[in-house]
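S.K.: Provided herewith is a single structure, encoded as structure tokens, for subsequent inquiry.
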Protein chains: 2
Amino acid sequence: MVFGLDDADLKVMLIQRAGAPFEGRWALPGGFVRPDETLDEAARRELDEETGLKRVFLEQLYTFGAIKRDPRERVISVAYYALCNLRDHKVQAATDASAAAWFDLHKLPALAFDHDEILKTAVERLRGKVRYVPIGFELLPRKFTLTQLQRLYEKILDRQLDKRNFRKKVLAMGILEETDEMQQGVAHRAARLYRFDEPSYKRMVKQGFNFEL
Amino acid sequence: MVFGLDDADLKVMLIQRAGAPFEGRWALPGGFVRPDETLDEAARRELDEETGLKRVFLEQLYTFGAIKRDPRERVISVAYYALCNLRDHKVQAATDASAAAWFDLHKLPALAFDHDEILKTAVERLRGKVRYVPIGFELLPRKFTLTQLQRLYEKILDRQLDKRNFRKKVLAMGILEETDEMQQGVAHRAARLYRFDEPSYKRMVKQGFNFEL
DNA sequence: CATCTTAGTGTCGCACGCACACCATGGCAA
DNA sequence: TTGCCATGGTGTGCGTGCGACACTAAGATG
């Protein structure tokens with residue numbers, strides 16, 4: 001699964017199946033593992049082939065092994081999910097002619113196979129993980145405003161957060177680096193841009209720091 | 001992996017390999033998935049076959065897919081872990097003559113294949129999960145004392161906890177049911193036995209309750 | 001220059017987490 | 001029977017972090 005943040009909304013990329021079974025239905029991108037590659041490598045290769053994305057966050061989710069998942073034959077799927085932002089990474093449609101599109105998580109079509117279940121598992125994982133691991137930053141451009149960050153967390157957690165408390169907390173963690181750049185081209189007061197300070201985050205984790213939002 | 005609590009220590013069950021490769025080395029129990037069973041079913045069947053355990057907590061952990069994990073051929077392993085207590089469930093050695101034994105997590109031999117890595121992943125998961133999901137109770141007998149519960153958490157989290165604060169917190173959650181039974185056959189004041197109140201825990205979760213220790 | 005939109009900032013009360021020490025109980029041995 | 005020993009069981013006070021809450025600042029636009 002590829003999750004992306006499109007200014008306002010959290011979206012997932014689906015591709016439309018060209019052949020049977022489930023012809024015309026939307027499905028999660030995927031493919032088969034080759035004998036000479038690890039699962040991680042296979043996931044990265046498929047991601048690249050179907051979306052052109054490289055060097056994004058990618059993590060194994062869960063392995064689905066129901067017997068009749070695929071009506072043709074027994075298939076076991078090791079699901080992975082990736083996070084990216086749609087600004088820095090232009091996502092190209094898959095090269096093999098099948099249609100690809102971003103879908104808002106609240107407006108999903110019926111999916112092929114057991115992909116509804118897989119997607120649901122991924123959203124739960126994302127929702128659980130985003131609170132105590134700073135993976136949310138993967139969805140934002142490298143430089144972002146605090147308001148963007150807050151909107152992101154509001155989307156994922158599905159509830160409103162208080163602006164002052166949010167800023168206070170996230171700044172107090174000391175994992176954001178203030179840049180001297182400001183937002184450009186907005187029709188109101190420009191906000192300051194921040195950067196996620198990964199090295200100092202990692203240093204702090206080693207000393208027992210616990211990210212939590 | 002099968003984790004068990006043996007009064008004092010958290011242990012894992014290993015079996016000694018009878019044949020090549022890694023003959024004589026200790027390894028995690030496991031086996032192959034059959035065409036007519038799901039992954040969960042396969043995990044349960046193997047667990048039963050190798051330890052006689054039924055109806056215990058069992059959960060998928062992670063899928064390991066490095067290329068040369070098994071020197072013979074490409075094998076992808078979907079790892080599961082189970083929790084049980086060694087009092088209520090008598091664990092019998094595997095029927096197929098291979099030796100089985102419990103090992104303290106701090107005194108492990110070198111394991112076959114990449115089983116060290118798998119086990120390490122499981123311990124991390126257990127350590128992370130035990131704090132916000134009440135799976136710790138799976139390792140205790142159905143009725144247990146608060147001190148037993150505390151010892152368990154101290155083992156898993158690997159640090160000392162304050163008795164008064166621990167009791168206060170865990171009792172305040174309202175997920176423990178006080179029984180009218182007392183500990184038997186101890187050479188000091190007997191402690192009261194408690195039971196994990198799963199129905200009321202589930203009810204509370206539905207209303208937004210968050211277990212956390 | 002008025003208006004509009006978002007940026008950015010501080011306080012206070014409360015609840016929770018943590019540190020901390022003593023009496024109760026019951027078995028056992030002298 | 002009595003003393004001893006080991007563990008069970010209990011409350012308070014302090015500090016910190018969390019959540020609720022509203023107004024001024026800046027910059028673009030017409």
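The chains in the structure tokens are called A, B, ... from first to last as shown; in each chain the residues are counted from 1, and the ligands are counted from 1 in the order shown.
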Would you kindly return, as a list of chain:residue names, each protein, DNA or RNA residue with an atom no farther than 10 Å from any atom of DG19 (chain D), considering only C-alpha atoms (C1' of nucleotides) and excluding same-chain residues fewer than 6 positions away?
M.R.: A:Asp162, A:Asn165, C:DG13, C:DC14
S.K.: Print the selection's residues with all heavy atoms to a file, as a CSV table (one decimal), in the first residue's frame.
M.R.:
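For reference, result-v9.csv as written:
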```csv
chain,number,residue,atom,x,y,z
A,162,ASP,N,-5.7,20.9,19.8
A,162,ASP,CA,-5.6,22.3,20.1
A,162,ASP,C,-4.3,22.9,19.6
A,162,ASP,O,-3.2,22.3,19.9
A,162,ASP,CB,-5.6,22.5,21.7
A,162,ASP,CG,-5.5,23.9,22.1
A,162,ASP,OD1,-6.5,24.6,22.1
A,162,ASP,OD2,-4.3,24.3,22.4
A,165,ASN,N,-1.5,23.8,22.4
A,165,ASN,CA,-1.0,22.7,23.0
A,165,ASN,C,-0.1,21.8,22.1
A,165,ASN,O,0.9,21.3,22.5
A,165,ASN,CB,-2.1,21.8,23.6
A,165,ASN,CG,-2.8,22.5,24.8
A,165,ASN,OD1,-2.2,23.4,25.4
A,165,ASN,ND2,-4.0,22.1,25.0
C,13,DG,P,-5.9,28.7,39.1
C,13,DG,OP1,-6.6,29.8,39.7
C,13,DG,OP2,-4.6,28.2,39.5
C,13,DG,O5',-6.9,27.4,39.0
C,13,DG,C5',-7.8,27.2,37.9
C,13,DG,C4',-8.0,25.8,37.6
C,13,DG,O4',-6.9,25.3,36.8
C,13,DG,C3',-7.9,24.9,38.9
C,13,DG,O3',-9.0,23.9,38.8
C,13,DG,C2',-6.5,24.2,38.8
C,13,DG,C1',-6.3,24.2,37.3
C,13,DG,N9,-4.9,24.2,36.9
C,13,DG,C8,-3.9,25.0,37.4
C,13,DG,N7,-2.8,24.8,36.8
C,13,DG,C5,-3.0,23.8,35.8
C,13,DG,C6,-2.2,23.2,34.9
C,13,DG,O6,-0.9,23.4,34.7
C,13,DG,N1,-2.8,22.2,34.1
C,13,DG,C2,-4.2,21.9,34.2
C,13,DG,N2,-4.6,21.0,33.4
C,13,DG,N3,-5.0,22.5,35.1
C,13,DG,C4,-4.3,23.4,35.9
C,14,DC,P,-9.3,22.9,39.9
C,14,DC,OP1,-10.7,22.8,40.2
C,14,DC,OP2,-8.3,23.1,41.0
C,14,DC,O5',-8.8,21.6,39.1
C,14,DC,C5',-9.1,21.4,37.7
C,14,DC,C4',-8.6,20.1,37.3
C,14,DC,O4',-7.2,20.3,36.9
C,14,DC,C3',-8.6,19.0,38.4
C,14,DC,O3',-9.1,17.8,37.8
C,14,DC,C2',-7.1,18.9,38.8
C,14,DC,C1',-6.4,19.3,37.5
C,14,DC,N1,-5.0,20.0,37.8
C,14,DC,C2,-4.0,19.6,37.0
C,14,DC,O2,-4.1,18.7,36.1
C,14,DC,N3,-2.8,20.2,37.2
C,14,DC,C4,-2.6,21.2,38.1
C,14,DC,N4,-1.4,21.7,38.3
C,14,DC,C5,-3.7,21.5,38.9
C,14,DC,C6,-4.9,20.9,38.7
```
S.K.: Could you produce a table of the residues of chain C lying within 10 Å of chain B, with the nearest pair of atoms per residue and their separation in Å rounded to one decimal, using only C-alpha atoms (C1' of nucleotides), ordered by chain and increasing residue number, as JSON lines?
M.R.:
```
{"residue": "C:DG17", "atom": "C1'", "partner": "B:Asn165", "partner_atom": "CA", "distance": 8.5}
{"residue": "C:DC18", "atom": "C1'", "partner": "B:Asn165", "partner_atom": "CA", "distance": 7.8}
{"residue": "C:DA19", "atom": "C1'", "partner": "B:Asp162", "partner_atom": "CA", "distance": 8.9}
{"residue": "C:DC20", "atom": "C1'", "partner": "B:Asp162", "partner_atom": "CA", "distance": 9.7}
{"residue": "C:DA24", "atom": "C1'", "partner": "B:Arg189", "partner_atom": "CA", "distance": 8.7}
{"residue": "C:DT25", "atom": "C1'", "partner": "B:Arg189", "partner_atom": "CA", "distance": 5.0}
{"residue": "C:DG26", "atom": "C1'", "partner": "B:Arg189", "partner_atom": "CA", "distance": 4.8}
{"residue": "C:DG27", "atom": "C1'", "partner": "B:Ala187", "partner_atom": "CA", "distance": 4.9}
{"residue": "C:DC28", "atom": "C1'", "partner": "B:Ala187", "partner_atom": "CA", "distance": 7.7}
```
S.K.: Suppose we keep N, CA and C atoms (P, O5', C5', C4', C3', O3' and C1' of nucleotides); can you now write the selection as a PDB file, in the first residue's frame?
M.R.:
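So the final result, stored in out.pdb, reads:
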```pdb
ATOM      1  P    DG C  17      -0.865   7.842  35.686  1.00  0.00           P
ATOM      2  O5'  DG C  17       0.410   8.707  36.078  1.00  0.00           O
ATOM      3  C5'  DG C  17       1.349   9.123  35.094  1.00  0.00           C
ATOM      4  C4'  DG C  17       2.697   9.345  35.766  1.00  0.00           C
ATOM      5  C3'  DG C  17       3.285   8.069  36.360  1.00  0.00           C
ATOM      6  O3'  DG C  17       4.694   8.083  36.163  1.00  0.00           O
ATOM      7  C1'  DG C  17       2.886   9.657  38.106  1.00  0.00           C
ATOM      8  P    DC C  18       5.544   6.848  36.595  1.00  0.00           P
ATOM      9  O5'  DC C  18       6.449   7.351  37.807  1.00  0.00           O
ATOM     10  C5'  DC C  18       7.011   8.658  37.801  1.00  0.00           C
ATOM     11  C4'  DC C  18       7.413   9.027  39.213  1.00  0.00           C
ATOM     12  C3'  DC C  18       8.019   7.862  40.007  1.00  0.00           C
ATOM     13  O3'  DC C  18       9.292   8.252  40.495  1.00  0.00           O
ATOM     14  C1'  DC C  18       6.315   8.951  41.260  1.00  0.00           C
ATOM     15  P    DA C  19      10.312   7.133  40.997  1.00  0.00           P
ATOM     16  O5'  DA C  19      10.643   7.667  42.477  1.00  0.00           O
ATOM     17  C5'  DA C  19      10.839   9.057  42.709  1.00  0.00           C
ATOM     18  C4'  DA C  19      10.583   9.350  44.179  1.00  0.00           C
ATOM     19  C3'  DA C  19      11.122   8.275  45.130  1.00  0.00           C
ATOM     20  O3'  DA C  19      11.928   8.876  46.131  1.00  0.00           O
ATOM     21  C1'  DA C  19       8.819   8.733  45.584  1.00  0.00           C
ATOM     22  P    DC C  20      12.849   7.982  47.083  1.00  0.00           P
ATOM     23  O5'  DC C  20      11.912   7.770  48.357  1.00  0.00           O
ATOM     24  C5'  DC C  20      11.313   8.885  48.977  1.00  0.00           C
ATOM     25  C4'  DC C  20      10.361   8.396  50.038  1.00  0.00           C
ATOM     26  C3'  DC C  20      10.760   7.049  50.666  1.00  0.00           C
ATOM     27  O3'  DC C  20      10.652   7.102  52.071  1.00  0.00           O
ATOM     28  C1'  DC C  20       8.538   6.978  49.966  1.00  0.00           C
ATOM     29  P    DA C  24      -0.808  -3.307  63.047  1.00  0.00           P
ATOM     30  O5'  DA C  24      -0.865  -4.266  61.783  1.00  0.00           O
ATOM     31  C5'  DA C  24      -1.647  -3.881  60.660  1.00  0.00           C
ATOM     32  C4'  DA C  24      -2.068  -5.114  59.889  1.00  0.00           C
ATOM     33  C3'  DA C  24      -2.484  -6.309  60.740  1.00  0.00           C
ATOM     34  O3'  DA C  24      -3.534  -6.973  60.041  1.00  0.00           O
ATOM     35  C1'  DA C  24      -0.538  -6.872  59.484  1.00  0.00           C
ATOM     36  P    DT C  25      -4.311  -8.179  60.736  1.00  0.00           P
ATOM     37  O5'  DT C  25      -3.550  -9.451  60.141  1.00  0.00           O
ATOM     38  C5'  DT C  25      -3.586  -9.675  58.748  1.00  0.00           C
ATOM     39  C4'  DT C  25      -2.684 -10.832  58.405  1.00  0.00           C
ATOM     40  C3'  DT C  25      -2.919 -12.090  59.250  1.00  0.00           C
ATOM     41  O3'  DT C  25      -3.281 -13.104  58.347  1.00  0.00           O
ATOM     42  C1'  DT C  25      -0.611 -11.633  58.997  1.00  0.00           C
ATOM     43  P    DG C  26      -4.155 -14.361  58.800  1.00  0.00           P
ATOM     44  O5'  DG C  26      -3.083 -15.531  58.689  1.00  0.00           O
ATOM     45  C5'  DG C  26      -2.398 -15.704  57.451  1.00  0.00           C
ATOM     46  C4'  DG C  26      -1.119 -16.443  57.706  1.00  0.00           C
ATOM     47  C3'  DG C  26      -1.266 -17.631  58.673  1.00  0.00           C
ATOM     48  O3'  DG C  26      -0.634 -18.745  58.085  1.00  0.00           O
ATOM     49  C1'  DG C  26       0.566 -16.294  59.290  1.00  0.00           C
ATOM     50  P    DG C  27      -0.952 -20.263  58.493  1.00  0.00           P
ATOM     51  O5'  DG C  27       0.470 -20.937  58.254  1.00  0.00           O
ATOM     52  C5'  DG C  27       1.177 -20.635  57.057  1.00  0.00           C
ATOM     53  C4'  DG C  27       2.669 -20.758  57.315  1.00  0.00           C
ATOM     54  C3'  DG C  27       3.068 -22.036  58.068  1.00  0.00           C
ATOM     55  O3'  DG C  27       4.144 -22.648  57.398  1.00  0.00           O
ATOM     56  C1'  DG C  27       3.889 -20.109  59.219  1.00  0.00           C
ATOM     57  P    DC C  28       4.633 -24.114  57.811  1.00  0.00           P
ATOM     58  O5'  DC C  28       5.987 -23.805  58.586  1.00  0.00           O
ATOM     59  C5'  DC C  28       6.802 -22.711  58.163  1.00  0.00           C
ATOM     60  C4'  DC C  28       7.910 -22.508  59.172  1.00  0.00           C
ATOM     61  C3'  DC C  28       8.288 -23.776  59.962  1.00  0.00           C
ATOM     62  O3'  DC C  28       9.679 -23.835  60.093  1.00  0.00           O
ATOM     63  C1'  DC C  28       7.719 -22.044  61.461  1.00  0.00           C
TER      64       DC C  28
END
```
S.K.: Do you have the CA of Val130 (chain A)-CA of Arg125 (chain B) distance handy?
M.R.: 16.5 Å
S.K.: Taking only C-alpha atoms (C1' of nucleotides) into account, find every residue of chain D that has an atom no more than 8 Å from chain A, and write it out as an MDAnalysis selection string.
M.R.: chainID D and resid 19 26:29
S.K.: Could the residues in this selection be written to a file with C-alpha atoms (C1' of nucleotides), as an mmCIF file, in the first residue's frame?
M.R.:
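And here is the file that came out, result.cif:
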```cif
data_model
loop_
_atom_site.group_PDB
_atom_site.id
_atom_site.type_symbol
_atom_site.label_atom_id
_atom_site.label_comp_id
_atom_site.auth_asym_id
_atom_site.auth_seq_id
_atom_site.Cartn_x
_atom_site.Cartn_y
_atom_site.Cartn_z
ATOM 1 C "C1'" DG D 19 -5.979 20.113 28.449
ATOM 2 C "C1'" DA D 26 1.635 39.711 10.017
ATOM 3 C "C1'" DG D 27 1.003 39.831 5.279
ATOM 4 C "C1'" DA D 28 -1.843 39.606 1.023
ATOM 5 C "C1'" DT D 29 -5.695 41.562 -1.547
#
```
S.K.: Can you tell me, as a ChimeraX atom specification, what residues are no more than 12 Å from DC12 (chain C) when counting only C-alpha atoms (C1' of nucleotides), ignoring any on the same chain fewer than 6 positions away?
M.R.: /D:18-21
S.K.: From the options A:Thr63, A:Glu178, A:Phe57, A:Leu47, which residue's atoms come nearest to Ser77 (chain B), counting only C-alpha atoms?
M.R.: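 Among the listed residues, the smallest separation from Ser77 (chain B) belongs to A:Thr63.
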S.K.: For a quick check of understanding, using only C-alpha atoms, which of A:Asp48, A:Asp7, A:Asp104, A:Glu59 has the smallest distance to chain B?
M.R.: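 The answer is A:Glu59, which sits nearest to chain B.
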S.K.: Listing only residues of chain A within 7 Å of chain B, what is the closest atom pair and its distance in Å (to one decimal) for each, using only C-alpha atoms, sorted by chain and residue number ascending, as a Markdown table?
M.R.:
```
| residue | atom | partner | partner_atom | distance |
| --- | --- | --- | --- | --- |
| A:Asp36 | CA | B:Ile67 | CA | 6.7 |
| A:Glu37 | CA | B:Ile67 | CA | 6.5 |
| A:Thr38 | CA | B:Ala66 | CA | 4.9 |
| A:Leu39 | CA | B:Gly65 | CA | 5.2 |
| A:Tyr62 | CA | B:Tyr62 | CA | 6.8 |
| A:Thr63 | CA | B:Thr63 | CA | 7.0 |
| A:Gly65 | CA | B:Leu39 | CA | 5.3 |
| A:Ala66 | CA | B:Thr38 | CA | 4.9 |
| A:Ile67 | CA | B:Thr38 | CA | 5.6 |
```
S.K.: Output as a PyMOL selection string all residues of region 30-187 of chain B that backbone DSSP marks as alpha helix (DSSP H).
M.R.: chain B and resi 39-51+115-129+146-157+163-172
S.K.: Assign secondary structure with DSSP using the backbone only, and return the residues of region 9-67 of chain B in strand (DSSP E or B) as a PyMOL selection string.
M.R.: chain B and resi 9-16+26-27+57-64
S.K.: Compile the contact shell of region 172-175 of chain B as a PDB file with N, CA and C atoms, in the first residue's frame: residues with an atom at most 8 Å away, counting only C-alpha atoms (C1' of nucleotides), same-chain residues fewer than 4 positions apart removed.
M.R.:
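Output below, filename result-v9.pdb:
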```pdb
ATOM      1  N   LYS B 168      -1.983   0.376  43.039  1.00  0.00           N
ATOM      2  CA  LYS B 168      -2.940   1.466  42.898  1.00  0.00           C
ATOM      3  C   LYS B 168      -3.420   1.562  41.455  1.00  0.00           C
ATOM      4  N   PHE B 196      -8.340 -11.802  35.947  1.00  0.00           N
ATOM      5  CA  PHE B 196      -8.478 -10.791  34.904  1.00  0.00           C
ATOM      6  C   PHE B 196      -9.919 -10.795  34.414  1.00  0.00           C
ATOM      7  N   ASP B 197     -10.561  -9.646  34.476  1.00  0.00           N
ATOM      8  CA  ASP B 197     -11.974  -9.551  34.108  1.00  0.00           C
ATOM      9  C   ASP B 197     -12.098  -9.145  32.640  1.00  0.00           C
ATOM     10  N   GLU B 198     -12.007 -10.138  31.773  1.00  0.00           N
ATOM     11  CA  GLU B 198     -11.961  -9.844  30.342  1.00  0.00           C
ATOM     12  C   GLU B 198     -13.237  -9.186  29.812  1.00  0.00           C
ATOM     13  N   SER B 200     -15.341  -7.213  31.199  1.00  0.00           N
ATOM     14  CA  SER B 200     -15.442  -5.793  31.541  1.00  0.00           C
ATOM     15  C   SER B 200     -14.307  -5.007  30.889  1.00  0.00           C
ATOM     16  N   TYR B 201     -13.173  -5.669  30.668  1.00  0.00           N
ATOM     17  CA  TYR B 201     -12.102  -5.000  29.918  1.00  0.00           C
ATOM     18  C   TYR B 201     -12.582  -4.666  28.513  1.00  0.00           C
ATOM     19  N   PHE B 211      -5.784   0.757  28.104  1.00  0.00           N
ATOM     20  CA  PHE B 211      -4.899   0.072  29.018  1.00  0.00           C
ATOM     21  C   PHE B 211      -3.490   0.632  28.850  1.00  0.00           C
TER      22      PHE B 211
END
```
S.K.: Could you name the residues that touch Arg195 (chain B) at 8 Å or less, counting only C-alpha atoms (C1' of nucleotides), but leaving out those on the same chain fewer than 5 positions away, as a list in words?
M.R.: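 Near neighbours after the sequence-gap exclusion: Arg142, Lys143, Phe144, Leu176, Glu177, Glu178 and Thr179 of chain B.
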S.K.: I need the chosen residues saved as a tab-separated table (two decimals), in the first residue's frame, with C-alpha atoms.
M.R.:
```
chain	number	residue	atom	x	y	z
B	142	ARG	CA	-6.18	-17.81	35.83
B	143	LYS	CA	-6.03	-16.68	39.43
B	144	PHE	CA	-2.95	-14.81	40.51
B	176	LEU	CA	-9.20	-7.12	37.90
B	177	GLU	CA	-11.79	-9.06	39.77
B	178	GLU	CA	-11.06	-9.82	43.40
B	179	THR	CA	-11.77	-13.42	44.33
```
S.K.: So what do you get for CA of Pro109 (chain A) versus CA of Arg25 (chain A), distance-wise?
M.R.: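 Between CA of Pro109 (chain A) and CA of Arg25 (chain A) the gap works out to 8.4 Å.
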S.K.: Please report the interatomic distance between CA of Arg55 (chain A) and CA of Thr145 (chain A) in Å with one decimal.
M.R.: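 CA of Arg55 (chain A) sits 22.7 Å away from CA of Thr145 (chain A).
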S.K.: List the neighbours of Gln148 (chain B) out to 12 Å using only C-alpha atoms (C1' of nucleotides); skip same-chain residues closer than 2 positions along the sequence, and give me the result as a PyMOL selection string.
M.R.: chain B and resi 5-9+136-137+139-146+150-155+163+166-167+183+191-195
